[in-house]
Amino acid sequence: MLFDVLVELYKSIKYRVINSVYIIALLLEFSIPYIMYRLGYSLYISRGGIYIGSELLLPIVLFFAVKVLKEYAKKKNIIDEMPVPDKRYTRVDEEGNVHMDRNKYMEMMIYVANVEDYLERHGKL
């Protein structure tokens with residue numbers, strides 16, 4: 001009984017964290033300047049001056065973490081953005097005619113469905 005409750009609690013927390021990844025990334029991105037200010041100020045106080053050290057690596061790591069979290073959210077479709085295909089489905093010849101390979105029809109239909117869902121969610125369709 002207790003084990004079942006703990007499993008459900010774990011699943012609930014995991015679901016909330018995964019669906020909040022983009023918000024966590026935004027909060028981290030907006031707090032980077034404050035974090036760097038506090039770090040620089042505390043190092044200035046403790047060292048008695050401005051010296052360059054390994055703390056210069058911290059913003060790079062934080063920006064990388066933000067990028068990874070945003071990409072993860074994008075892959076999991078947590079971000080509500082306009083869908084963009086990985087590659088172009090059609091090609092246009094010199095005369096202006098549009099052509100498409102037969103093996104790309106299913107991919108294009110899925111993409112069009114995603115675009116329609118996006119437009120429907122935003123009240124434009």
# chains A, B, ... in the order shown; residues from 1 in each chain; ligands from 1
call {"tool": "select_by_dssp", "arguments": {"residues": "chain A", "states": "helix (DSSP H, G or I)", "output": "VMD selection string"}}
result
chain A and resid 2 to 19 21 to 47 54 to 75 102 to 121
call {"tool": "residues_around", "arguments": {"residues": "A:Thr90", "least_positions_apart": "3", "cutoff": "10 Å", "atoms": "only C-alpha atoms", "output": "MDAnalysis selection string"}}
result
chainID A and resid 87 98:101 104 108
call {"tool": "residues_around", "arguments": {"residues": "stretch 61-74 of chain A", "least_positions_apart": "3", "cutoff": "7 Å", "atoms": "only C-alpha atoms", "output": "ChimeraX atom specification"}}
result
/A:21-22,25,28-29,57-58,77-79
call {"tool": "write_last_selection", "arguments": {"atoms": "C-alpha atoms", "output": "CSV table (one decimal), in the first residue's frame"}}
result
chain,number,residue,atom,x,y,z
A,21,VAL,CA,11.2,22.0,-18.1
A,22,TYR,CA,10.7,25.0,-20.3
A,25,ALA,CA,14.9,26.9,-18.4
A,28,LEU,CA,17.4,29.9,-15.0
A,29,GLU,CA,18.0,32.1,-18.1
A,57,LEU,CA,33.2,28.9,-16.7
A,58,LEU,CA,29.9,29.2,-14.8
A,77,ASN,CA,6.5,19.3,-27.6
A,78,ILE,CA,6.1,21.1,-24.2
A,79,ILE,CA,6.7,24.5,-26.0
call {"tool": "atom_distance", "arguments": {"atom1": "atom CA of A:Met109", "atom2": "atom CA of A:Ile18"}}
result
28.1 Å
call {"tool": "select_by_dssp", "arguments": {"residues": "chain A", "states": "strand (DSSP E)", "output": "NGL selection string"}}
result
:A and (90-92 or 98-100)
call {"tool": "closest_residue", "arguments": {"among": "A:Leu39, A:Glu95, A:Val84, A:Lys14", "to": "A:Tyr111", "atoms": "only C-alpha atoms"}}
result
A:Val84
call {"tool": "atom_distance", "arguments": {"atom1": "atom CA of A:Arg47", "atom2": "atom CA of A:Phe30"}}
result
27.0 Å
call {"tool": "residues_around", "arguments": {"residues": "A:Met82", "least_positions_apart": "2", "cutoff": "9 Å", "atoms": "only C-alpha atoms", "output": "CSV table (one decimal) with N, CA and C atoms, in the first residue's frame"}}
result
chain,number,residue,atom,x,y,z
A,80,ASP,N,4.8,25.6,-26.9
A,80,ASP,CA,3.7,25.8,-27.9
A,80,ASP,C,4.2,26.7,-29.0
A,84,VAL,N,7.8,23.5,-37.2
A,84,VAL,CA,8.7,23.7,-38.3
A,84,VAL,C,9.3,22.4,-38.7
A,114,ASN,N,-0.2,18.8,-37.6
A,114,ASN,CA,0.5,19.6,-36.5
A,114,ASN,C,0.2,21.1,-36.6
A,115,VAL,N,0.4,21.6,-37.9
A,115,VAL,CA,0.1,23.0,-38.1
A,115,VAL,C,-1.3,23.4,-37.8
A,118,TYR,N,-1.9,23.5,-34.1
A,118,TYR,CA,-1.4,24.7,-33.6
A,118,TYR,C,-2.3,25.9,-33.9
A,119,LEU,N,-2.8,26.0,-35.1
A,119,LEU,CA,-3.7,27.1,-35.5
A,119,LEU,C,-5.0,27.0,-34.7
call {"tool": "closest_residue", "arguments": {"among": "A:Glu81, A:Leu9, A:Pro59, A:Asp93", "to": "A:Arg121", "atoms": "only C-alpha atoms"}}
result
A:Glu81
